[in-house]
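One file, work.cif, is given below (mmCIF, C-alpha atoms and all ligand atoms).
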data_target
loop_
_atom_site.label_atom_id
_atom_site.label_comp_id
_atom_site.auth_asym_id
_atom_site.auth_seq_id
_atom_site.Cartn_x
_atom_site.Cartn_y
_atom_site.Cartn_z
CA MET A 1 6.62 -10.11 15.43
CA TYR A 2 7.87 -7.35 13.15
CA GLN A 3 5.12 -5.45 11.40
CA ALA A 4 6.36 -6.02 7.83
CA ASN A 5 6.42 -9.81 8.37
CA GLN A 6 2.64 -9.86 8.37
CA ALA A 7 2.85 -9.64 4.59
CA GLY A 8 4.49 -13.08 4.46
CA SER A 9 7.56 -13.92 2.42
CA TYR A 10 8.62 -15.08 -1.04
CA MET A 11 11.81 -16.50 -2.52
CA LEU A 12 14.09 -14.51 -4.82
CA GLY A 13 16.14 -17.48 -5.96
CA ASP A 14 17.56 -18.85 -2.69
CA LEU A 15 16.94 -15.56 -0.82
CA GLU A 16 13.80 -15.25 1.31
CA VAL A 17 12.35 -11.76 1.38
CA ILE A 18 9.46 -10.29 3.32
CA ARG A 19 6.83 -9.24 0.75
CA MET A 20 6.62 -5.75 2.27
CA GLY A 21 9.89 -4.15 1.20
CA TYR A 22 11.14 -0.63 0.60
CA GLY A 23 12.11 1.28 -2.57
CA ALA A 24 14.99 3.70 -2.00
CA MET A 25 14.61 5.91 -5.07
CA GLN A 26 12.96 8.74 -3.12
CA LEU A 27 16.08 9.11 -0.94
CA ALA A 28 18.02 11.06 -3.57
CA GLY A 29 17.38 14.74 -4.26
CA PRO A 30 14.55 16.23 -6.33
CA HIS A 31 13.99 14.33 -9.61
CA VAL A 32 16.16 11.54 -8.17
CA PHE A 33 19.19 13.71 -8.92
CA GLY A 34 21.76 15.03 -6.48
CA PRO A 35 21.77 14.71 -2.69
CA PRO A 36 18.65 14.79 -0.51
CA GLY A 37 17.80 17.91 1.44
CA ASP A 38 18.12 15.98 4.71
CA ARG A 39 20.62 13.11 4.64
CA GLN A 40 19.99 12.21 8.31
CA GLN A 41 16.32 11.83 7.56
CA ALA A 42 17.15 9.48 4.66
CA ILE A 43 19.31 7.40 7.00
CA ALA A 44 16.50 7.34 9.56
CA VAL A 45 14.05 6.04 6.96
CA LEU A 46 16.34 3.12 6.05
CA ARG A 47 17.05 2.18 9.66
CA SER A 48 13.35 2.43 10.56
CA ALA A 49 12.44 0.17 7.64
CA LEU A 50 14.70 -2.56 8.98
CA GLU A 51 13.44 -2.03 12.53
CA MET A 52 9.92 -2.68 11.22
CA GLY A 53 10.99 -5.95 9.62
CA VAL A 54 11.78 -4.98 6.04
CA ASN A 55 14.55 -7.14 4.57
CA HIS A 56 14.21 -6.23 0.88
CA ILE A 57 15.49 -2.87 -0.38
CA ASP A 58 15.26 -1.85 -4.01
CA THR A 59 17.84 0.62 -5.30
CA SER A 60 20.10 1.59 -8.18
CA ASP A 61 23.39 3.34 -8.61
CA PHE A 62 21.67 5.67 -11.07
CA TYR A 63 19.64 7.18 -8.21
CA GLY A 64 21.57 10.33 -7.43
CA PRO A 65 23.62 8.93 -9.25
CA HIS A 66 25.54 6.90 -6.65
CA ILE A 67 24.06 8.88 -3.74
CA THR A 68 21.22 6.54 -2.78
CA ASN A 69 23.57 3.55 -2.61
CA GLN A 70 26.07 5.55 -0.57
CA ILE A 71 23.31 6.49 1.88
CA ILE A 72 22.24 2.83 2.15
CA ARG A 73 25.83 1.91 2.97
CA GLU A 74 26.16 4.69 5.55
CA ALA A 75 22.86 3.75 7.20
CA LEU A 76 23.03 -0.04 7.18
CA HIS A 77 26.56 -1.34 6.63
CA PRO A 78 27.64 -3.87 7.92
CA TYR A 79 24.47 -5.40 6.56
CA ARG A 80 22.19 -7.71 8.49
CA ASP A 81 22.57 -11.28 7.21
CA ASP A 82 18.98 -11.49 6.03
CA LEU A 83 18.98 -8.16 4.15
CA VAL A 84 18.51 -8.50 0.39
CA ILE A 85 19.48 -5.46 -1.68
CA VAL A 86 18.19 -5.51 -5.24
CA THR A 87 19.80 -3.08 -7.65
CA LYS A 88 19.37 -2.33 -11.33
CA ILE A 89 21.66 -1.45 -14.22
CA GLY A 90 21.09 -0.46 -17.83
CA ALA A 91 20.72 3.32 -17.54
CA ARG A 92 22.91 6.27 -16.68
CA ARG A 93 22.20 9.90 -15.88
CA GLY A 94 23.04 12.83 -18.12
CA THR A 95 24.57 15.94 -16.59
CA ASP A 96 21.09 17.47 -16.72
CA GLY A 97 19.58 14.53 -14.83
CA SER A 98 18.16 12.85 -17.95
CA TRP A 99 17.82 9.04 -18.05
CA LEU A 100 20.01 7.56 -20.77
CA LYS A 101 20.46 4.06 -22.11
CA ALA A 102 23.64 2.33 -20.83
CA MET A 103 23.17 -1.25 -21.96
CA SER A 104 26.46 -2.06 -23.69
CA PRO A 105 28.42 -4.93 -22.07
CA ALA A 106 31.14 -2.49 -20.95
CA GLU A 107 28.60 -0.10 -19.40
CA LEU A 108 26.86 -2.96 -17.61
CA GLU A 109 30.09 -4.31 -16.19
CA SER A 110 31.13 -0.88 -15.03
CA ALA A 111 27.70 -0.37 -13.41
CA VAL A 112 28.02 -3.64 -11.50
CA TYR A 113 31.40 -2.54 -10.13
CA ASP A 114 29.95 0.89 -9.21
CA ASN A 115 27.17 -0.85 -7.27
CA LEU A 116 29.62 -3.16 -5.49
CA ARG A 117 31.78 -0.22 -4.45
CA ASN A 118 29.02 2.16 -3.42
CA LEU A 119 27.05 -0.48 -1.51
CA GLY A 120 30.23 -1.89 0.03
CA VAL A 121 29.62 -5.53 -0.88
CA GLU A 122 31.55 -8.23 -2.72
CA VAL A 123 28.50 -9.80 -4.36
CA LEU A 124 25.26 -8.12 -5.46
CA ASP A 125 22.23 -10.14 -4.24
CA VAL A 126 20.01 -9.42 -7.26
CA VAL A 127 20.68 -7.24 -10.30
CA ASN A 128 17.80 -6.22 -12.55
CA LEU A 129 18.64 -5.48 -16.16
CA ARG A 130 16.60 -2.28 -16.67
CA LEU A 131 15.70 -2.38 -20.36
CA MET A 132 15.91 1.02 -22.02
CA PHE A 133 14.56 0.34 -25.53
CA ASP A 134 11.91 2.85 -24.47
CA VAL A 135 12.68 4.70 -21.25
CA ALA A 136 9.05 5.04 -20.20
CA ALA A 137 7.47 1.67 -20.97
CA PRO A 138 8.38 -1.88 -21.99
CA ALA A 139 9.28 -2.05 -25.70
CA GLU A 140 10.48 -4.93 -27.83
CA GLY A 141 14.23 -5.10 -28.44
CA ASP A 142 16.88 -7.78 -28.43
CA LEU A 143 18.31 -8.30 -24.94
CA GLU A 144 20.69 -11.10 -25.89
CA ALA A 145 23.94 -9.08 -25.73
CA PRO A 146 23.21 -7.19 -22.49
CA LEU A 147 21.81 -10.24 -20.74
CA ALA A 148 24.76 -12.38 -21.84
CA ALA A 149 27.08 -9.76 -20.31
CA LEU A 150 25.15 -9.81 -17.03
CA ALA A 151 25.04 -13.62 -17.01
CA GLU A 152 28.82 -13.62 -17.39
CA LEU A 153 29.13 -11.41 -14.28
CA LYS A 154 26.90 -13.89 -12.47
CA ARG A 155 29.18 -16.71 -13.64
CA LYS A 156 32.14 -14.76 -12.22
CA GLY A 157 30.37 -14.74 -8.84
CA ILE A 158 29.85 -11.00 -8.36
CA VAL A 159 26.10 -11.16 -9.12
CA ARG A 160 24.01 -13.76 -7.32
CA HIS A 161 20.68 -13.53 -9.12
CA ILE A 162 19.34 -11.75 -12.20
CA GLY A 163 16.02 -9.99 -12.80
CA LEU A 164 14.53 -7.84 -15.55
CA SER A 165 12.87 -4.45 -15.43
CA ASN A 166 10.69 -2.63 -17.97
CA ALA A 167 10.38 -5.90 -19.88
CA THR A 168 7.82 -7.37 -22.27
CA ALA A 169 6.54 -10.95 -22.03
CA ASN A 170 8.60 -11.84 -25.15
CA GLN A 171 11.78 -10.48 -23.59
CA ILE A 172 11.14 -12.40 -20.37
CA ALA A 173 10.62 -15.60 -22.37
CA GLN A 174 13.84 -14.99 -24.31
CA ALA A 175 15.76 -14.20 -21.14
CA ARG A 176 14.60 -17.41 -19.47
CA THR A 177 16.18 -19.44 -22.28
CA MET A 178 19.52 -17.81 -21.41
CA THR A 179 19.63 -17.68 -17.60
CA ASP A 180 17.47 -17.96 -14.46
CA ILE A 181 15.30 -14.90 -13.89
CA VAL A 182 14.17 -14.45 -10.27
CA CYS A 183 12.09 -11.27 -10.57
CA VAL A 184 10.49 -8.83 -12.98
CA GLN A 185 10.07 -5.17 -12.05
CA ASN A 186 7.52 -3.30 -14.18
CA GLN A 187 5.09 -0.47 -13.57
CA TYR A 188 1.88 -1.79 -12.02
CA ASN A 189 -0.67 -0.56 -9.51
CA LEU A 190 -4.42 -0.31 -8.92
CA ALA A 191 -4.80 2.02 -11.90
CA HIS A 192 -2.17 0.57 -14.22
CA ARG A 193 -2.88 -3.11 -14.80
CA GLY A 194 -1.53 -3.90 -18.25
CA ASP A 195 0.66 -6.63 -16.71
CA ASP A 196 -2.22 -8.63 -15.20
CA PRO A 197 -1.59 -11.64 -17.49
CA LEU A 198 2.16 -11.42 -16.87
CA VAL A 199 1.72 -11.42 -13.10
CA ALA A 200 -0.16 -14.73 -13.38
CA GLN A 201 2.38 -16.26 -15.78
CA LEU A 202 5.27 -15.35 -13.51
CA ALA A 203 3.42 -16.65 -10.44
CA SER A 204 3.08 -20.06 -12.05
CA ALA A 205 6.80 -20.03 -12.87
CA GLY A 206 7.76 -19.09 -9.28
CA ILE A 207 9.13 -15.71 -10.39
CA ALA A 208 8.53 -12.61 -8.28
CA TYR A 209 6.70 -9.63 -9.78
CA VAL A 210 7.81 -6.36 -8.18
CA PRO A 211 5.61 -3.46 -9.21
CA PHE A 212 7.30 -0.10 -9.41
CA PHE A 213 5.15 2.97 -8.73
CA PRO A 214 2.94 0.81 -6.43
CA LEU A 215 1.45 4.03 -5.03
CA GLY A 216 1.26 5.74 -8.42
CA GLY A 217 4.80 7.15 -8.39
CA PHE A 218 5.46 10.87 -8.23
CA SER A 219 1.71 11.58 -8.39
CA PRO A 220 0.22 9.17 -5.83
CA LEU A 221 -3.04 7.43 -6.74
CA GLN A 222 -6.25 9.39 -6.28
CA SER A 223 -9.70 7.94 -6.74
CA ALA A 224 -13.08 8.42 -5.09
CA THR A 225 -13.59 4.63 -5.08
CA LEU A 226 -10.23 4.09 -3.40
CA GLU A 227 -11.09 6.72 -0.79
CA GLN A 228 -14.44 5.12 -0.08
CA VAL A 229 -13.05 1.59 0.26
CA ALA A 230 -10.24 2.90 2.46
CA ALA A 231 -12.68 4.72 4.73
CA ASP A 232 -14.78 1.55 5.04
CA CYS A 233 -11.64 -0.40 6.03
CA GLY A 234 -10.41 2.24 8.48
CA ALA A 235 -7.21 2.67 6.46
CA THR A 236 -5.69 5.37 4.28
CA PRO A 237 -6.15 5.20 0.49
CA LEU A 238 -2.46 4.43 -0.06
CA GLN A 239 -2.47 1.69 2.58
CA THR A 240 -5.47 0.23 0.80
CA ALA A 241 -3.66 0.37 -2.55
CA LEU A 242 -0.74 -1.56 -1.03
CA ALA A 243 -3.00 -4.13 0.62
CA TRP A 244 -4.72 -4.67 -2.74
CA LEU A 245 -1.35 -5.45 -4.33
CA LEU A 246 -0.45 -7.91 -1.57
CA GLN A 247 -3.75 -9.71 -2.06
CA ARG A 248 -3.56 -9.53 -5.85
CA SER A 249 -1.00 -12.38 -6.17
CA PRO A 250 1.38 -14.16 -3.79
CA ASN A 251 4.39 -13.47 -6.05
CA ILE A 252 3.95 -9.67 -5.79
CA LEU A 253 6.63 -8.02 -3.66
CA LEU A 254 6.11 -4.42 -2.55
CA ILE A 255 8.76 -1.69 -2.69
CA PRO A 256 6.83 1.51 -1.91
CA GLY A 257 9.10 4.54 -1.86
CA THR A 258 9.12 7.38 0.62
CA ALA A 259 11.55 9.85 2.13
CA SER A 260 9.42 10.19 5.27
CA VAL A 261 9.52 7.98 8.38
CA GLY A 262 5.84 8.77 9.00
CA HIS A 263 4.82 7.62 5.53
CA LEU A 264 7.06 4.55 5.88
CA ARG A 265 5.20 3.55 9.06
CA GLN A 266 1.85 3.96 7.31
CA ASN A 267 3.00 1.91 4.33
CA ILE A 268 4.39 -0.94 6.40
CA ALA A 269 1.24 -1.05 8.50
CA ALA A 270 -0.59 -2.05 5.30
CA ALA A 271 1.02 -5.49 5.70
CA ALA A 272 -1.61 -6.20 8.34
CA LEU A 273 -4.60 -4.90 6.37
CA HIS A 274 -7.01 -7.51 5.02
CA LEU A 275 -9.44 -6.50 2.28
CA SER A 276 -12.79 -8.28 1.97
CA SER A 277 -13.78 -9.73 -1.40
CA ASP A 278 -16.31 -6.87 -1.75
CA ALA A 279 -13.54 -4.33 -1.17
CA VAL A 280 -11.32 -6.04 -3.76
CA ALA A 281 -14.19 -6.11 -6.26
CA ALA A 282 -14.74 -2.36 -5.78
CA LEU A 283 -11.02 -1.64 -6.18
CA ASP A 284 -10.92 -3.79 -9.33
CA THR A 285 -13.27 -1.31 -11.00
CA ILE A 286 -10.61 1.42 -10.80
CA GLY A 287 -8.08 0.14 -13.32
CA GLY A 288 -10.19 -2.51 -14.94
CA ILE A 289 -8.61 -5.95 -15.04
CA GLY A 290 -5.75 -5.90 -17.56
CA GLY A 291 -6.25 -2.22 -18.27
CA ILE A 292 -4.67 1.14 -17.63
CA GLY A 293 -6.88 3.41 -15.59
CA GLY A 294 -7.28 7.10 -16.10
CA ILE A 295 -6.68 8.13 -12.52
CA GLY A 296 -3.37 8.77 -10.95
CA ALA A 297 -1.59 6.70 -13.58
CA ALA A 298 1.97 7.90 -14.08
CA THR A 299 2.65 9.96 -17.17
CA PRO A 300 5.52 8.93 -19.48
CA GLU A 301 7.67 11.64 -17.87
CA THR A 302 7.13 10.30 -14.38
CA ALA A 303 7.66 6.72 -15.58
CA SER A 304 11.17 7.43 -16.71
CA GLN A 305 13.11 5.65 -13.98
N1 LIG B 401 12.54 -0.23 -12.48
C1 LIG B 401 12.16 0.99 -12.69
O1 LIG B 401 12.18 1.49 -13.82
C2 LIG B 401 11.66 1.83 -11.54
C3 LIG B 401 10.99 3.03 -11.77
C4 LIG B 401 10.52 3.77 -10.69
C5 LIG B 401 10.71 3.30 -9.41
N2 LIG B 401 11.38 2.12 -9.20
C6 LIG B 401 11.53 1.57 -7.84
O2 LIG B 401 10.24 1.45 -7.28
C7 LIG B 401 10.20 2.07 -6.00
C8 LIG B 401 8.81 2.62 -5.74
O3 LIG B 401 8.49 3.62 -6.69
P1 LIG B 401 8.38 5.16 -6.32
O4 LIG B 401 9.03 5.44 -5.03
O5 LIG B 401 8.82 5.90 -7.50
O6 LIG B 401 6.83 5.40 -6.28
P2 LIG B 401 5.67 4.98 -5.25
O7 LIG B 401 6.19 4.05 -4.22
O8 LIG B 401 4.51 4.56 -6.06
O9 LIG B 401 5.29 6.39 -4.61
C9 LIG B 401 6.21 7.22 -4.02
C10 LIG B 401 5.54 8.55 -3.82
O10 LIG B 401 4.47 8.39 -2.91
C11 LIG B 401 4.68 9.25 -1.77
N3 LIG B 401 4.27 8.46 -0.61
C12 LIG B 401 4.81 7.31 -0.17
N4 LIG B 401 4.16 6.87 0.92
C13 LIG B 401 3.20 7.77 1.18
C14 LIG B 401 2.21 7.87 2.19
N5 LIG B 401 2.08 6.93 3.12
N6 LIG B 401 1.39 8.96 2.17
C15 LIG B 401 1.50 9.90 1.22
N7 LIG B 401 2.43 9.86 0.23
C16 LIG B 401 3.27 8.80 0.22
C17 LIG B 401 6.14 9.57 -1.76
O11 LIG B 401 6.36 10.85 -1.19
P3 LIG B 401 7.07 11.00 0.27
O12 LIG B 401 8.52 10.80 0.05
O13 LIG B 401 6.69 12.39 0.65
O14 LIG B 401 6.46 9.97 1.16
C18 LIG B 401 6.46 9.59 -3.25
O15 LIG B 401 6.11 10.83 -3.82
C19 LIG B 401 11.28 3.15 -6.10
O16 LIG B 401 11.69 3.59 -4.83
C20 LIG B 401 12.34 2.43 -6.89
O17 LIG B 401 13.13 1.63 -6.02
C21 LIG B 401 11.84 1.38 -10.24
#
Full structure transcribed into structure tokens:
Amino acid sequence: MYQANQAGSYMLGDLEVIRMGYGAMQLAGPHVFGPPGDRQQAIAVLRSALEMGVNHIDTSDFYGPHITNQIIREALHPYRDDLVIVTKIGARRGTDGSWLKAMSPAELESAVYDNLRNLGVEVLDVVNLRLMFDVAAPAEGDLEAPLAALAELKRKGIVRHIGLSNATANQIAQARTMTDIVCVQNQYNLAHRGDDPLVAQLASAGIAYVPFFPLGGFSPLQSATLEQVAADCGATPLQTALAWLLQRSPNILLIPGTASVGHLRQNIAAAALHLSSDAVAALDTIGGIGGIGGIGAATPETASQ
């Protein structure tokens, strides 16, 4: 049995994904801009992820831009039948690497075609509409026009399923009146738990919740409590943080990011880690249920993807 499979699986629409996936953002250069220092290493990470049973890769054409998707294509194309690649649109990169809103219908259509070309596919499995009303955190704003444009691309058959990213509960409710939503990708981890009620709501609706920054993002989680629980479990703190997410709710899918094969192996091994109820209770003190903890939580600057 592949190691990642020990996390179990969940449905993204009609696509079954292993709950331990991989986030490809770290494969671009520094600040997710430009090429990586070691392209062969990036290719090795992707191939190793699949060898360990991962069948869910999260990406975007604005990583690089274009570069991460081109590396995925070079490493994995022709794609395994069970591989599900989830991409996101709604932003573009400035010449200085800044993250800019690109949510007009024309920009969204062009982004879908960029993703198709760079990934080398005829249909995108899942496209998340990355809302950019506030780059760093969910903020209210009317998504009717951008979502209608994406739904039209789904109707044309070049997008299979739609998700939302950086979305509020109101926006998710509005979106669900317009089209099927298979996943929501927001910032969430041990120390950043503002979406606790949303995770439960989505679970009861059969919608996946895919936390970004599951390890804390560019500044990985650090906490004495996490270290202690990890030591008691014989695991690393970051493996423990991933195991906590897997146990938190069955609709949570993991996409930890790394540019290192060694870190990838450690992360995927967390699929087999079981936390006792005492360990979970101790970890729950870090962020406080429904709260945003003070440790290792990403700053607005690091939350800008
Ligand atoms: N929708 C959005 O707005 C949004 C925003 C951000 C990210 N995302 C998606 O979410 C995915 C995950 O987020 P992320 O990659 O930013 O953050 P993350 O998974 O929370 O953490 C990645 C960071 O942790 C380090 N790391 C990973 N495994 C490690 C290990 N075993 N030991 C020590 N350090 C380790 C990585 O460095 P190394 O490379 O050195 O391992 C990197 O600095 C991204 O890849 C992307 O697909 C989406």
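Minimum atom-to-atom distances from A:Val121, A:Val184, A:Gly287, A:Tyr63 to Pro78 of chain A were compared using only C-alpha atoms, and the lowest value belongs to A:Val121.
Contacts with ligand LIG 401 (chain B) are defined as any residue atom within 6 Å of a ligand atom, using all atoms listed in the file; the residues meeting this criterion are Gly23, Ala24, Met25, Gln26, Asp58, Thr59, Ser165, Gln185, Phe212, Phe213, Pro214, Leu215, Gly216, Gly217, Phe218, Pro220, Ile255, Pro256, Gly257, Thr258, Ala259, Ser260, His263, Gln266, Asn267 and Gln305 of chain A.
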Write the residues you've just listed into a file as a PDB file, keeping the file's coordinate frame, and include C-alpha atoms for each of them.
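Output saved as result-v3.pdb:
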ATOM      1  CA  GLY A  23      12.110   1.280  -2.570  1.00  0.00           C
ATOM      2  CA  ALA A  24      14.990   3.700  -2.000  1.00  0.00           C
ATOM      3  CA  MET A  25      14.610   5.910  -5.070  1.00  0.00           C
ATOM      4  CA  GLN A  26      12.960   8.740  -3.120  1.00  0.00           C
ATOM      5  CA  ASP A  58      15.260  -1.850  -4.010  1.00  0.00           C
ATOM      6  CA  THR A  59      17.840   0.620  -5.300  1.00  0.00           C
ATOM      7  CA  SER A 165      12.870  -4.450 -15.430  1.00  0.00           C
ATOM      8  CA  GLN A 185      10.070  -5.170 -12.050  1.00  0.00           C
ATOM      9  CA  PHE A 212       7.300  -0.100  -9.410  1.00  0.00           C
ATOM     10  CA  PHE A 213       5.150   2.970  -8.730  1.00  0.00           C
ATOM     11  CA  PRO A 214       2.940   0.810  -6.430  1.00  0.00           C
ATOM     12  CA  LEU A 215       1.450   4.030  -5.030  1.00  0.00           C
ATOM     13  CA  GLY A 216       1.260   5.740  -8.420  1.00  0.00           C
ATOM     14  CA  GLY A 217       4.800   7.150  -8.390  1.00  0.00           C
ATOM     15  CA  PHE A 218       5.460  10.870  -8.230  1.00  0.00           C
ATOM     16  CA  PRO A 220       0.220   9.170  -5.830  1.00  0.00           C
ATOM     17  CA  ILE A 255       8.760  -1.690  -2.690  1.00  0.00           C
ATOM     18  CA  PRO A 256       6.830   1.510  -1.910  1.00  0.00           C
ATOM     19  CA  GLY A 257       9.100   4.540  -1.860  1.00  0.00           C
ATOM     20  CA  THR A 258       9.120   7.380   0.620  1.00  0.00           C
ATOM     21  CA  ALA A 259      11.550   9.850   2.130  1.00  0.00           C
ATOM     22  CA  SER A 260       9.420  10.190   5.270  1.00  0.00           C
ATOM     23  CA  HIS A 263       4.820   7.620   5.530  1.00  0.00           C
ATOM     24  CA  GLN A 266       1.850   3.960   7.310  1.00  0.00           C
ATOM     25  CA  ASN A 267       3.000   1.910   4.330  1.00  0.00           C
ATOM     26  CA  GLN A 305      13.110   5.650 -13.980  1.00  0.00           C
TER      27      GLN A 305
END
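Here atom CA of Cys183 of chain A is placed at a distance of 13.6 Å from atom CA of Ile57 of chain A.
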Please identify all polymer residues within 12 Å of Asn189 of chain A, counting all atoms listed in the file, omitting same-chain residues fewer than 4 positions from it, and present them as a PyMOL selection string. chain A and resi 185+193-196+199+209-217+220-222+238+240-246+248+252-256+283-284+286-293+295-298
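Checking A:Ala28, A:Met20, A:Ala7, A:Leu164 one by one against His56 of chain A, counting only C-alpha atoms, you find the shortest gap at A:Met20.
You will find atom CA of Gly29 of chain A at 9.9 Å from atom CA of Pro65 of chain A.
Nearest-residue note for Asn118 of chain A: choosing from A:Ala269, A:Ile67, A:Ala102, A:Leu264, the minimum distance belongs to A:Ile67, counting all atoms listed in the file.
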Find the residues of segment 124-239 of chain A that sit at most 10 Å from segment 83-98 of chain A; for each, write down the nearest two atoms and how far apart they are in Å, to one decimal. Count only C-alpha atoms. Sort by chain, then by number going up, and give it as a tab-separated table.
residue	atom	partner	partner_atom	distance
A:Leu124	CA	A:Ile85	CA	7.4
A:Asp125	CA	A:Ile85	CA	6.0
A:Val126	CA	A:Val86	CA	4.8
A:Val127	CA	A:Thr87	CA	5.0
A:Asn128	CA	A:Lys88	CA	4.4
A:Leu129	CA	A:Ile89	CA	5.4
A:Arg130	CA	A:Gly90	CA	5.0
A:Leu131	CA	A:Gly90	CA	6.3
A:Met132	CA	A:Gly90	CA	6.8
A:Val135	CA	A:Ala91	CA	9.0
A:Pro146	CA	A:Gly90	CA	8.5
A:Leu150	CA	A:Ile89	CA	9.5
A:His161	CA	A:Val86	CA	9.3
A:Ile162	CA	A:Val86	CA	9.4
A:Gly163	CA	A:Lys88	CA	8.5
A:Leu164	CA	A:Lys88	CA	8.5
A:Ser165	CA	A:Lys88	CA	8.0
A:Cys183	CA	A:Val86	CA	9.9
A:Gln185	CA	A:Lys88	CA	9.8
Can those selected residues be exported to a file as a PDB file, in the frame of the given file so that it contains C-alpha atoms?
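Saved file part23.pdb follows:
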ATOM      1  CA  LEU A 124      25.260  -8.120  -5.460  1.00  0.00           C
ATOM      2  CA  ASP A 125      22.230 -10.140  -4.240  1.00  0.00           C
ATOM      3  CA  VAL A 126      20.010  -9.420  -7.260  1.00  0.00           C
ATOM      4  CA  VAL A 127      20.680  -7.240 -10.300  1.00  0.00           C
ATOM      5  CA  ASN A 128      17.800  -6.220 -12.550  1.00  0.00           C
ATOM      6  CA  LEU A 129      18.640  -5.480 -16.160  1.00  0.00           C
ATOM      7  CA  ARG A 130      16.600  -2.280 -16.670  1.00  0.00           C
ATOM      8  CA  LEU A 131      15.700  -2.380 -20.360  1.00  0.00           C
ATOM      9  CA  MET A 132      15.910   1.020 -22.020  1.00  0.00           C
ATOM     10  CA  VAL A 135      12.680   4.700 -21.250  1.00  0.00           C
ATOM     11  CA  PRO A 146      23.210  -7.190 -22.490  1.00  0.00           C
ATOM     12  CA  LEU A 150      25.150  -9.810 -17.030  1.00  0.00           C
ATOM     13  CA  HIS A 161      20.680 -13.530  -9.120  1.00  0.00           C
ATOM     14  CA  ILE A 162      19.340 -11.750 -12.200  1.00  0.00           C
ATOM     15  CA  GLY A 163      16.020  -9.990 -12.800  1.00  0.00           C
ATOM     16  CA  LEU A 164      14.530  -7.840 -15.550  1.00  0.00           C
ATOM     17  CA  SER A 165      12.870  -4.450 -15.430  1.00  0.00           C
ATOM     18  CA  CYS A 183      12.090 -11.270 -10.570  1.00  0.00           C
ATOM     19  CA  GLN A 185      10.070  -5.170 -12.050  1.00  0.00           C
TER      20      GLN A 185
END
Which residue out of A:Ile181, A:Leu116, A:Val123, A:Ala191 has the minimum interatomic distance to Ala208 of chain A when all atoms listed in the file are used? A:Ile181
Name all residues at most 9 Å from Met11 of chain A (count all atoms listed in the file; drop same-chain ones fewer than 3 positions away) and give them as a compact mmCIF listing (two decimals) with C-alpha atoms, keeping the file's coordinate frame.
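In the end it all went to out.txt:
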# COMPACT_ATOMS: atom_id res chain seq x y z
CA ASP A 14 17.56 -18.85 -2.69
CA LEU A 15 16.94 -15.56 -0.82
CA GLU A 16 13.80 -15.25 1.31
CA VAL A 17 12.35 -11.76 1.38
CA ILE A 18 9.46 -10.29 3.32
CA VAL A 182 14.17 -14.45 -10.27
CA GLY A 206 7.76 -19.09 -9.28
CA ILE A 207 9.13 -15.71 -10.39
CA ALA A 208 8.53 -12.61 -8.28
CA ASN A 251 4.39 -13.47 -6.05
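Proximity of A:Leu190, A:Leu27, A:Ala279, A:Ala75 to Cys233 of chain A, computed with all atoms listed in the file, is greatest for A:Ala279.
Counting from atom CA of Arg80 of chain A, the distance to atom CA of Gly262 of chain A is 23.2 Å.
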Counting all atoms listed in the file, figure out which residue out of A:Ala271, A:Ala281, A:Asn115, A:Thr179 gets nearest to Leu226 of chain A. A:Ala281
Specify the axis-aligned box that encloses all atoms of segment 70-77 of chain A listed in the file after padding of 8 Å on each side, stating its centre and edge lengths in Å to one decimal as AutoDock Vina command-line options.
--center_x 24.4 --center_y 2.6 --center_z 3.3 --size_x 20.3 --size_y 23.8 --size_z 23.8
